[in-house]
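S.K.: Input work29.txt, format and content: compact mmCIF, C-alpha atoms.
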# COMPACT_ATOMS: atom_id res chain seq x y z
CA MET Y 55 26.76 38.17 -0.33
CA LYS Y 56 25.24 35.66 2.10
CA LEU Y 57 27.03 33.22 4.39
CA SER Y 58 25.17 30.65 6.51
CA ILE Y 59 26.80 28.57 9.23
CA GLN Y 60 25.95 26.42 12.25
CA SER Y 61 26.38 28.66 15.29
CA LYS Y 62 28.25 26.16 17.48
CA ASN Y 63 30.77 25.28 14.77
CA PHE Y 64 31.36 28.96 14.07
CA ALA Y 65 31.86 29.70 17.77
CA ASN Y 66 34.43 26.89 18.06
CA ALA Y 67 36.43 28.27 15.12
CA LEU Y 68 36.34 31.84 16.43
CA THR Y 69 37.30 30.68 19.93
CA ALA Y 70 40.45 29.10 18.49
CA ILE Y 71 41.18 32.32 16.57
CA SER Y 72 40.72 34.38 19.75
CA LYS Y 73 43.75 32.63 21.29
CA VAL Y 74 46.13 34.51 18.98
CA ILE Y 75 44.52 37.92 18.46
CA GLU Y 76 44.58 40.87 20.83
CA LYS Y 77 41.67 42.84 22.25
CA LYS Y 78 41.70 46.63 21.86
CA SER Y 79 44.33 46.55 19.15
CA VAL Y 80 45.55 49.82 17.64
CA MET Y 81 44.46 48.32 14.31
CA PRO Y 82 40.77 47.30 14.67
CA ILE Y 83 40.99 45.00 11.69
CA THR Y 84 43.44 42.75 13.59
CA GLU Y 85 40.64 42.04 16.09
CA CYS Y 86 38.91 40.24 13.22
CA ALA Y 87 39.01 36.87 11.55
CA LEU Y 88 39.65 36.94 7.81
CA ILE Y 89 37.30 34.57 5.95
CA THR Y 90 38.85 33.32 2.71
CA ASN Y 91 38.08 30.78 0.02
CA ARG Y 92 40.76 28.46 -1.35
CA ASN Y 93 39.93 25.71 -3.81
CA GLY Y 94 36.32 25.56 -2.66
CA LYS Y 95 37.18 25.39 1.06
CA TYR Y 96 36.71 28.22 3.55
CA TYR Y 97 39.18 29.28 6.23
CA ALA Y 98 39.22 31.72 9.15
CA THR Y 99 42.53 33.44 9.90
CA GLY Y 100 43.52 35.55 12.91
CA VAL Y 101 46.75 37.52 13.37
CA GLY Y 102 48.32 38.53 16.70
CA ALA Y 103 49.84 41.84 17.76
CA ASN Y 104 52.80 42.98 15.63
CA GLN Y 105 52.07 40.01 13.36
CA GLU Y 106 53.80 37.64 15.79
CA HIS Y 107 51.22 34.87 15.42
CA GLN Y 108 48.77 33.70 12.79
CA LEU Y 109 46.20 30.91 13.09
CA THR Y 110 44.17 29.53 10.19
CA VAL Y 111 41.36 27.01 10.75
CA GLU Y 112 38.94 25.42 8.32
CA ILE Y 113 35.27 26.40 8.65
CA ARG Y 114 32.31 24.79 6.95
CA PHE Y 115 29.43 26.96 5.85
CA VAL Y 116 25.93 25.63 5.25
CA GLU Y 117 25.40 28.11 2.41
CA VAL Y 118 27.96 30.18 0.48
CA PRO Y 119 27.95 32.24 -2.71
CA MET Y 120 29.49 30.97 -5.93
CA SER Y 121 33.31 30.91 -5.58
CA ASN Y 122 33.79 33.48 -8.31
CA LYS Y 123 31.45 35.85 -6.47
CA TYR Y 124 32.97 35.46 -3.02
CA VAL Y 125 34.67 38.53 -1.56
CA PRO Y 126 37.12 38.11 1.38
CA VAL Y 127 35.62 39.62 4.51
CA CYS Y 128 36.82 40.31 8.08
CA ILE Y 129 34.51 39.44 10.98
CA PRO Y 130 35.00 41.07 14.44
CA VAL Y 131 35.84 38.01 16.56
CA PHE Y 132 35.02 39.06 20.10
CA LYS Y 133 31.73 40.78 19.25
CA MET Y 134 30.67 37.80 17.14
CA LEU Y 135 31.51 35.43 19.99
CA GLU Y 136 29.35 37.50 22.35
CA ILE Y 137 26.42 37.14 19.96
CA LEU Y 138 26.92 33.41 19.41
CA SER Y 139 27.27 32.74 23.16
CA LEU Y 140 23.70 34.00 23.68
CA LEU Y 141 22.17 31.82 20.97
CA PRO Y 142 21.10 28.18 21.20
CA PRO Y 143 22.53 25.93 18.44
CA GLN Y 144 21.02 27.04 15.13
CA ILE Y 145 21.82 28.22 11.63
CA VAL Y 146 23.00 31.83 11.52
CA ASP Y 147 22.79 33.88 8.31
CA MET Y 148 25.17 36.75 7.60
CA GLU Y 149 24.03 39.03 4.77
CA ILE Y 150 27.03 41.17 3.80
CA ASP Y 151 26.67 44.27 1.61
CA GLU Y 152 30.20 44.65 0.25
CA GLN Y 153 29.03 47.59 -1.85
CA ASN Y 154 28.01 49.53 1.27
CA GLY Y 155 31.13 49.41 3.43
CA PHE Y 156 30.58 45.73 4.36
CA LYS Y 157 27.50 46.55 6.39
CA THR Y 158 26.24 43.17 7.63
CA THR Y 159 22.93 41.88 8.97
CA ILE Y 160 23.26 38.82 11.20
CA LYS Y 161 19.98 36.88 11.23
CA PHE Y 162 18.98 34.21 13.74
CA GLN Y 163 15.77 32.64 15.03
CA SER Y 164 14.85 35.35 17.53
CA GLY Y 165 15.88 38.42 15.56
CA GLU Y 166 18.71 40.14 13.78
CA ILE Y 167 21.70 42.40 14.52
CA THR Y 168 23.35 44.83 12.13
CA MET Y 169 27.04 45.68 12.41
CA MET Y 170 30.03 46.53 10.25
CA PHE Y 171 32.42 43.94 8.90
CA TYR Y 172 35.66 44.89 7.10
CA ASP Y 173 37.15 44.49 3.64
CA GLY Y 174 39.32 41.36 3.68
CA MET Y 175 41.76 42.87 1.18
CA LEU Y 176 43.03 45.16 3.97
CA PHE Y 177 43.87 42.31 6.36
CA PRO Y 178 47.59 41.84 7.21
CA THR Y 179 48.86 38.27 6.97
CA ILE Y 180 52.12 36.41 7.66
CA SER Y 181 53.72 34.59 4.74
CA PRO Y 182 53.97 30.81 5.19
CA ILE Y 183 57.40 29.30 5.79
CA GLN Y 184 59.19 28.19 2.65
CA GLU Y 185 60.57 24.66 2.82
CA ASP Y 186 63.98 25.60 1.42
CA ASP Y 187 66.50 25.28 4.28
CA ALA Y 188 63.69 25.04 6.88
CA LEU Y 189 63.81 22.49 9.68
CA ILE Y 190 60.88 20.10 9.06
CA PHE Y 191 59.70 17.35 11.40
CA SER Y 192 56.47 15.54 12.37
CA LEU Y 193 55.17 13.97 15.57
CA PRO Y 194 51.86 12.83 17.12
CA SER Y 195 49.75 15.74 18.36
CA ASP Y 196 49.23 14.24 21.82
CA VAL Y 197 53.00 13.91 22.28
CA MET Y 198 53.53 17.52 21.25
CA THR Y 199 50.73 19.15 23.25
CA SER Y 200 51.16 17.19 26.50
CA ASN Y 201 54.91 17.77 26.59
CA LEU Y 202 54.74 21.44 25.62
CA LYS Y 203 52.15 22.07 28.33
CA ALA Y 204 54.31 20.33 30.94
CA ALA Y 205 57.40 22.25 29.78
CA ALA Y 206 55.48 25.54 29.95
CA ASP Y 207 54.34 24.73 33.50
CA ASN Y 208 58.01 24.63 34.50
CA ALA Y 209 59.08 27.78 32.65
CA VAL Y 210 59.38 31.19 34.31
CA GLU Y 211 56.28 33.36 34.71
CA GLU Y 212 57.90 36.78 34.28
CA ASP Y 213 59.24 38.26 31.05
CA ILE Y 214 62.60 39.38 32.45
CA ARG Y 215 64.46 36.24 31.34
CA VAL Y 216 62.87 35.92 27.93
CA VAL Y 217 64.65 32.73 26.90
CA MET Y 218 63.57 30.99 30.13
CA ASN Y 219 59.97 31.92 29.36
CA ALA Y 220 59.96 29.38 26.52
CA ALA Y 221 58.82 25.81 26.19
CA VAL Y 222 61.67 24.24 24.21
CA MET Y 223 61.67 21.62 21.49
CA ASP Y 224 65.27 20.49 21.02
CA VAL Y 225 65.07 18.72 17.67
CA SER Y 226 67.73 16.25 16.47
CA GLN Y 227 68.00 13.36 14.03
CA GLU Y 228 66.90 10.98 16.83
CA GLY Y 229 63.71 12.81 17.87
CA VAL Y 230 62.56 15.69 20.05
CA THR Y 231 63.49 16.65 23.62
CA PHE Y 232 60.97 18.90 25.38
CA VAL Y 233 62.36 21.19 28.09
CA GLY Y 234 61.12 23.87 30.48
CA SER Y 235 62.75 25.37 33.56
CA ASP Y 236 62.59 28.34 35.93
CA SER Y 237 65.90 27.46 37.70
CA HIS Y 238 63.98 26.02 40.67
CA LYS Y 239 62.56 23.08 38.74
CA LEU Y 240 63.13 21.51 35.34
CA TYR Y 241 61.08 19.29 33.01
CA ARG Y 242 62.73 17.11 30.37
CA SER Y 243 60.95 14.58 28.18
CA GLU Y 244 62.69 12.75 25.35
CA TRP Y 245 60.59 11.44 22.46
CA HIS Y 246 62.67 9.00 20.43
CA HIS Y 247 61.87 8.31 16.80
CA GLY Y 248 65.01 6.71 15.45
CA MET Y 249 67.32 7.93 12.71
CA PRO Y 250 66.84 9.55 10.33
CA TYR Y 251 64.07 11.69 11.83
CA LEU Y 252 64.25 15.08 10.17
CA GLU Y 253 62.32 15.59 6.94
CA GLY Y 254 64.38 18.64 6.06
CA GLY Y 255 66.89 21.11 7.46
CA LYS Y 256 69.34 20.77 10.33
CA PRO Y 257 68.87 20.05 14.08
CA ALA Y 258 67.88 23.13 16.08
CA GLN Y 259 66.22 24.35 19.25
CA VAL Y 260 62.71 25.76 18.78
CA LEU Y 261 61.76 28.12 21.64
CA VAL Y 262 57.94 28.27 21.70
CA GLN Y 263 56.15 31.15 23.40
CA LYS Y 264 54.05 29.89 26.31
CA LYS Y 265 50.97 31.86 25.27
CA MET Y 266 50.83 29.97 21.97
CA ILE Y 267 50.59 26.50 23.48
CA ASN Y 268 46.83 26.64 24.15
CA ALA Y 269 46.26 27.60 20.53
CA MET Y 270 48.45 24.68 19.42
CA ALA Y 271 46.47 22.32 21.65
CA MET Y 272 43.15 23.50 20.19
CA LEU Y 273 44.47 23.08 16.68
CA ALA Y 274 45.50 19.44 17.11
CA SER Y 275 43.68 16.68 18.94
CA GLY Y 276 43.54 12.91 19.20
CA ASP Y 277 45.92 10.86 17.10
CA ASP Y 278 46.58 13.56 14.51
CA ILE Y 279 50.08 13.87 13.12
CA VAL Y 280 51.45 17.41 13.33
CA THR Y 281 54.05 18.72 10.90
CA LEU Y 282 56.25 21.59 12.06
CA LYS Y 283 58.50 23.87 10.02
CA TYR Y 284 61.04 26.24 11.54
CA ASN Y 285 63.13 28.87 9.74
CA GLY Y 286 65.04 30.36 12.68
CA ARG Y 287 62.43 33.05 13.31
CA ASN Y 288 58.96 31.52 13.01
CA VAL Y 289 57.57 28.05 13.60
CA GLN Y 290 54.70 26.80 11.45
CA MET Y 291 52.46 24.01 12.69
CA GLU Y 292 50.22 22.14 10.24
CA CYS Y 293 47.50 19.70 11.26
CA GLY Y 294 45.02 18.70 8.58
CA GLU Y 295 43.60 21.89 7.07
CA ASN Y 296 44.63 24.03 10.08
CA THR Y 297 47.81 26.08 10.32
CA LEU Y 298 49.47 28.11 13.10
CA ILE Y 299 52.45 30.38 12.46
CA SER Y 300 54.15 31.83 15.53
CA ARG Y 301 57.19 33.98 16.21
CA THR Y 302 59.63 32.03 18.33
CA ILE Y 303 61.80 33.40 21.14
CA GLU Y 304 65.26 34.30 19.93
CA GLY Y 305 68.35 33.23 21.84
CA ARG Y 306 70.19 30.11 22.94
CA TYR Y 307 68.66 28.03 25.71
CA PRO Y 308 71.06 27.10 28.54
CA ASN Y 309 72.63 23.64 28.62
CA TYR Y 310 69.88 21.90 30.60
CA ASN Y 311 71.64 18.53 30.70
CA SER Y 312 74.54 20.02 32.66
CA VAL Y 313 72.36 20.63 35.74
CA ILE Y 314 70.94 17.09 35.86
CA PRO Y 315 72.87 14.85 38.30
CA LYS Y 316 74.06 11.63 36.70
CA ASP Y 317 74.76 9.59 39.83
CA ASN Y 318 72.43 10.37 42.72
CA PRO Y 319 73.17 7.44 45.07
CA TYR Y 320 69.88 7.18 46.96
CA THR Y 321 66.55 5.98 45.55
CA LEU Y 322 62.99 6.10 46.84
CA LYS Y 323 60.23 4.37 44.85
CA VAL Y 324 56.70 5.46 45.75
CA LYS Y 325 53.14 5.48 44.43
CA ALA Y 326 52.33 8.84 42.86
CA LYS Y 327 49.01 9.03 44.73
CA GLU Y 328 50.66 8.24 48.07
CA LEU Y 329 53.28 10.92 47.45
CA ALA Y 330 50.73 13.56 46.47
CA HIS Y 331 48.50 12.73 49.46
CA ALA Y 332 51.33 12.94 52.01
CA LEU Y 333 52.54 16.21 50.50
CA ARG Y 334 49.11 17.80 50.67
CA LEU Y 335 48.72 16.81 54.33
CA ALA Y 336 52.14 18.11 55.34
CA SER Y 337 51.77 21.33 53.39
CA LEU Y 338 48.76 22.31 55.50
CA THR Y 339 51.16 23.30 58.28
CA SER Y 340 54.10 24.56 56.23
CA SER Y 341 55.19 28.18 56.50
CA GLU Y 342 53.17 30.49 54.28
CA ALA Y 343 56.38 32.32 53.40
CA SER Y 344 58.73 29.45 52.57
CA LYS Y 345 56.41 26.47 51.90
CA LEU Y 346 59.31 24.37 53.22
CA ILE Y 347 58.84 20.64 53.80
CA ARG Y 348 61.60 18.50 55.28
CA MET Y 349 61.86 14.84 54.31
CA GLU Y 350 63.42 12.56 56.96
CA TYR Y 351 64.37 8.88 56.98
CA LYS Y 352 64.66 7.21 60.37
CA HIS Y 353 64.37 3.59 61.52
CA GLY Y 354 63.07 2.39 58.16
CA LYS Y 355 60.36 5.06 57.83
CA VAL Y 356 60.07 8.16 55.63
CA PHE Y 357 58.35 11.26 57.01
CA PHE Y 358 57.37 14.65 55.66
CA VAL Y 359 57.81 17.27 58.36
CA ALA Y 360 56.43 20.83 58.14
CA GLU Y 361 56.52 23.60 60.73
CA ASP Y 362 55.08 27.09 60.95
CA PHE Y 363 56.45 28.69 64.11
CA GLU Y 364 54.54 31.93 63.53
CA PHE Y 365 51.19 30.17 64.00
CA ALA Y 366 52.45 27.38 66.29
CA ARG Y 367 51.54 24.49 64.02
CA ASP Y 368 53.44 21.52 62.70
CA SER Y 369 52.92 18.10 61.12
CA ARG Y 370 54.76 14.81 60.69
CA ILE Y 371 53.29 12.63 57.93
CA GLU Y 372 54.56 9.15 57.15
CA LEU Y 373 55.08 8.32 53.47
CA ASN Y 374 54.53 4.72 52.41
CA TYR Y 375 57.11 3.48 49.93
CA GLU Y 376 57.92 0.40 47.86
CA GLU Y 377 61.72 0.61 47.74
CA CYS Y 378 64.24 2.72 49.64
CA ASN Y 379 68.01 2.80 50.19
CA LEU Y 380 68.25 6.12 52.05
CA PRO Y 381 70.85 6.21 54.82
CA GLU Y 382 69.75 6.43 58.45
CA TYR Y 383 68.85 9.99 59.57
CA TYR Y 384 68.88 11.32 56.00
CA LYS Y 385 67.23 14.76 55.63
CA ILE Y 386 66.50 17.08 52.73
CA GLY Y 387 64.23 20.10 52.25
CA PHE Y 388 62.11 21.25 49.31
CA LYS Y 389 59.28 23.64 48.49
CA SER Y 390 55.91 21.91 48.78
CA THR Y 391 54.20 23.85 45.96
CA ILE Y 392 56.97 22.98 43.49
CA MET Y 393 56.98 19.30 44.40
CA GLN Y 394 53.18 19.06 44.15
CA GLY Y 395 53.27 20.65 40.71
CA VAL Y 396 55.92 18.38 39.22
CA ILE Y 397 54.20 15.16 40.36
CA ASP Y 398 51.35 15.85 37.93
CA ASN Y 399 53.79 15.80 34.99
CA ILE Y 400 55.10 12.30 35.75
CA PRO Y 401 53.12 9.60 33.87
CA GLY Y 402 52.24 6.30 35.48
CA GLU Y 403 51.40 5.07 38.98
CA ASP Y 404 54.95 4.78 40.35
CA ILE Y 405 57.70 7.37 40.68
CA ASN Y 406 61.41 6.82 41.25
CA ILE Y 407 62.97 9.66 43.24
CA THR Y 408 66.74 9.90 43.53
CA PHE Y 409 68.70 11.99 46.02
CA GLY Y 410 72.25 13.04 46.73
CA ASP Y 411 73.35 15.19 49.65
CA LYS Y 412 70.96 17.84 50.96
CA SER Y 413 72.32 20.48 48.56
CA ARG Y 414 71.97 18.36 45.44
CA SER Y 415 69.05 18.34 42.99
CA ILE Y 416 66.20 15.88 43.50
CA LEU Y 417 65.24 13.84 40.41
CA LEU Y 418 61.81 12.32 39.77
CA LYS Y 419 61.37 9.78 36.98
CA SER Y 420 58.51 7.68 35.67
CA THR Y 421 58.78 3.91 35.88
CA GLU Y 422 56.48 3.45 32.88
CA PRO Y 423 58.02 1.54 29.94
CA ASN Y 424 58.80 3.52 26.77
CA THR Y 425 58.74 6.85 28.61
CA ASP Y 426 61.67 9.11 29.29
CA VAL Y 427 60.22 11.87 31.47
CA LEU Y 428 62.34 13.52 34.13
CA GLN Y 429 61.59 16.29 36.63
CA LEU Y 430 64.28 18.07 38.62
CA VAL Y 431 63.56 19.95 41.86
CA MET Y 432 66.13 22.12 43.58
CA PRO Y 433 66.37 21.53 47.34
CA MET Y 434 65.86 24.20 50.01
CA HIS Y 435 68.29 24.91 52.81
CA ILE Y 436 67.55 23.22 56.14
CA ASP Y 437 69.42 23.56 59.43
Represent the structure from my file as structure tokens, please.

M.R.:
Amino acid sequence: MKLSIQSKNFANALTAISKVIEKKSVMPITECALITNRNGKYYATGVGANQEHQLTVEIRFVEVPMSNKYVPVCIPVFKMLEILSLLPPQIVDMEIDEQNGFKTTIKFQSGEITMMFYDGMLFPTISPIQEDDALIFSLPSDVMTSNLKAAADNAVEEDIRVVMNAAVMDVSQEGVTFVGSDSHKLYRSEWHHGMPYLEGGKPAQVLVQKKMINAMAMLASGDDIVTLKYNGRNVQMECGENTLISRTIEGRYPNYNSVIPKDNPYTLKVKAKELAHALRLASLTSSEASKLIRMEYKHGKVFFVAEDFEFARDSRIELNYEECNLPEYYKIGFKSTIMQGVIDNIPGEDINITFGDKSRSILLKSTEPNTDVLQLVMPMHID
């Protein structure tokens, strides 16, 4: 059996597959991509450890055998990617001897390599989600990927609090709310569709594993519409001919709305670039241990103040603003690295920041029309 494919296209498909599979698996066949034929189209499928994730992408061969003579085969992903990375763009031929243990000769312009492929009939797969009783909804791919990435940036890094390690899609009849938090900061973005939104099933929270978000982003691009199905255990994402099935995190996510202040009395409207620039300058002299920056308002001016007594350095950086109703001598502290990170998730040129007393959460919101993105930052104690 002979398969011919453009090397760059094949590398792109295998790179996407590599996002879900595991190196040095106890089952070598799960380090492979299963190549199958369905209705004249060819697909590559990879499965993660313990069958938690499965990604299927369409691939287009230059030359294939007759459909009735095609035998499913498993191709070692990482070794094949190593080979393709060393080749300039060209047609690569794979001559597979399925009668001799799937011994395969890979032929290219400068030579050939022989290696073993595997029988595709031995490959473990995850069954697709049945639509009966499943939650089904669709949304633009750019909305999904950008918000899931931002939510994941705000989620915890360790695996101790498993639920907090998730990027959350809180799905209702009105649309989807994306959430991520590590208890020091919180991201919430509401995408409104209008009722009725759901195509099937009941409202639910879908807790997406952070490590799957890059695979989801590779699967969908541009203005594609993504359809998602959720059965309480797995989420299935469909975009064109590509499909990702992933085990979700089990458990109930905390009530994120309860920690968001509803009536912070003080507002500061600033340019995002001005805010980021002043923060970077002040952070140069902040303590390496605490990263504390103190914001002060005095005589109509806003300053970022940072001090590192251990190395005898300090800074006082003025922040230009457009609107401000802070009271005289107002002060509040926050961690510079957290504040710098959340600014990147706020769309638009202007940011509205609201404050309460120095122990109350700081809220950052976009001023862009038709956006409902909010970032919360917990303050740090100051004397």

S.K.: Can you measure atom CA of Y:Thr281 to atom CA of Y:Glu106 for me? One decimal in Å is fine.

M.R.: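 These atoms are spaced 19.5 Å apart.
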
S.K.: I'd like the interatomic distance between atom CA of Y:Val280 and atom CA of Y:Gln227, to a tenth of an Å.

M.R.: 17.1 Å

S.K.: May I have the residues within 6 Å of Y:Ile145 as JSON, numbers by chain, using all atoms listed in the file and disregarding those fewer than 5 positions away in the same chain?

M.R.: {"Y": [59, 60, 61]}

S.K.: Would you list the residues near (58.5, 10.9, 25.5) (no more than 8 Å away, in the coordinates of the file, using only C-alpha atoms) as a list in words?

M.R.: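 Returned residue set, sorted by chain then number, is Val197, Asn201, Thr231, Ser243, Glu244, Trp245, His246, Asn424, Thr425, Asp426 and Val427 of chain Y.
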
S.K.: Take the residues from that selection and put them in a file with C-alpha atoms, as a PDB file, in the coordinates of the input.

M.R.:
ATOM      1  CA  VAL Y 197      53.000  13.910  22.280  1.00  0.00           C
ATOM      2  CA  ASN Y 201      54.910  17.770  26.590  1.00  0.00           C
ATOM      3  CA  THR Y 231      63.490  16.650  23.620  1.00  0.00           C
ATOM      4  CA  SER Y 243      60.950  14.580  28.180  1.00  0.00           C
ATOM      5  CA  GLU Y 244      62.690  12.750  25.350  1.00  0.00           C
ATOM      6  CA  TRP Y 245      60.590  11.440  22.460  1.00  0.00           C
ATOM      7  CA  HIS Y 246      62.670   9.000  20.430  1.00  0.00           C
ATOM      8  CA  ASN Y 424      58.800   3.520  26.770  1.00  0.00           C
ATOM      9  CA  THR Y 425      58.740   6.850  28.610  1.00  0.00           C
ATOM     10  CA  ASP Y 426      61.670   9.110  29.290  1.00  0.00           C
ATOM     11  CA  VAL Y 427      60.220  11.870  31.470  1.00  0.00           C
TER      12      VAL Y 427
END

S.K.: Tell me which of Y:Lys161, Y:Arg242, Y:Lys265, Y:Lys389 sits closest to Y:Ile75, counting all atoms listed in the file.

M.R.: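 Ranked by minimum distance to Y:Ile75, first place goes to Y:Lys265.
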
S.K.: Which of these residues is nearest to Y:Met266, using only C-alpha atoms: Y:Lys203, Y:His247, Y:Lys283, Y:Arg334?

M.R.: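 Checking each candidate against Y:Met266, we get Y:Lys203 as the closest.
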
S.K.: Quick one: everything within 12 Å of Y:Glu342, counting only C-alpha atoms, minus sequence neighbours fewer than 3 positions away in the same chain. Send it as a list in words.

M.R.: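 In the requested format, the answer is Ser337, Leu338, Thr339, Lys345, Leu346, Ile347, Ala360, Glu361, Asp362, Phe363, Glu364, Phe365, Arg367, Lys389, Ser390 and Thr391 of chain Y.
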
S.K.: Would you output that residue set with C-alpha atoms, as a compact mmCIF listing (two decimals), in the frame of the given file?

M.R.:
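See again-v8.txt below for the written result:
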# COMPACT_ATOMS: atom_id res chain seq x y z
CA SER Y 337 51.77 21.33 53.39
CA LEU Y 338 48.76 22.31 55.50
CA THR Y 339 51.16 23.30 58.28
CA LYS Y 345 56.41 26.47 51.90
CA LEU Y 346 59.31 24.37 53.22
CA ILE Y 347 58.84 20.64 53.80
CA ALA Y 360 56.43 20.83 58.14
CA GLU Y 361 56.52 23.60 60.73
CA ASP Y 362 55.08 27.09 60.95
CA PHE Y 363 56.45 28.69 64.11
CA GLU Y 364 54.54 31.93 63.53
CA PHE Y 365 51.19 30.17 64.00
CA ARG Y 367 51.54 24.49 64.02
CA LYS Y 389 59.28 23.64 48.49
CA SER Y 390 55.91 21.91 48.78
CA THR Y 391 54.20 23.85 45.96

S.K.: So which residues touch Y:Arg370 within 10 Å, counting only C-alpha atoms, skipping near sequence neighbours fewer than 5 positions away, as a list in words?

M.R.: Ala332, Leu335, Ala336, Thr339, Ile347, Arg348, Met349, Glu350, Val356, Phe357, Phe358, Val359, Ala360 and Glu361 of chain Y

S.K.: Between Y:Ile416, Y:Ile137, Y:Leu189, Y:Ile371, which has the minimum distance to Y:Ile386 (counting only C-alpha atoms)?

M.R.: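 Between Y:Ile416, Y:Ile137, Y:Leu189, Y:Ile371, the residue approaching Y:Ile386 most closely is Y:Ile416.
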
S.K.: Taking all atoms listed in the file into account, name the residue in Y:Cys128, Y:Ser413, Y:Thr321, Y:Ala98 that is nearest to Y:Pro82.

M.R.: Y:Cys128

S.K.: Rounded to one decimal, what separation in Å do you get between atom CA of Y:Val101 and atom CA of Y:Ala258?

M.R.: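 Spanning atom CA of Y:Val101 to atom CA of Y:Ala258 is a straight-line distance of 25.7 Å.
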
S.K.: Y:Ser164, Y:Gln394, Y:Ser341, Y:Asn268: which is nearest Y:Glu328, counting all atoms listed in the file?

M.R.: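 Of the candidates, the smallest distance to Y:Glu328 is held by Y:Gln394.
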
S.K.: Name the residues, using the chain letters and numbers of the file, that sit within 9 Å of (53.5, 39.9, 8.1) when counting only C-alpha atoms, and give them as a list in words.

M.R.: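 Applying the cut-off with only C-alpha atoms, one gets Val101, Asn104, Gln105, Glu106, Pro178, Thr179, Ile180 and Ser181 of chain Y.
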
S.K.: So which one's closest to Y:Ile150, Y:Lys78, Y:Lys56, Y:His107, Y:Lys133? Using only C-alpha atoms, please.

M.R.: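 The closest residue to Y:Ile150 is Y:Lys56.
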
S.K.: Taking 3 positions as the minimum chain separation for residues in the same chain, which residues sit within 10 Å of Y:Ile314 when counting all atoms listed in the file? Answer as an MDAnalysis selection string.

M.R.: chainID Y and resid 240 242 309:311 317:318 414:417 428:431

S.K.: Y:Arg306: which residues within 12 Å, counting all atoms listed in the file, same-chain residues fewer than 5 positions away excluded, as a list in words?

M.R.: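 Answer for this query is Arg215, Val216, Val217, Met218, Ala220, Val222, Asp224, Ala258, Gln259, Val260, Leu261 and Gly286 of chain Y.
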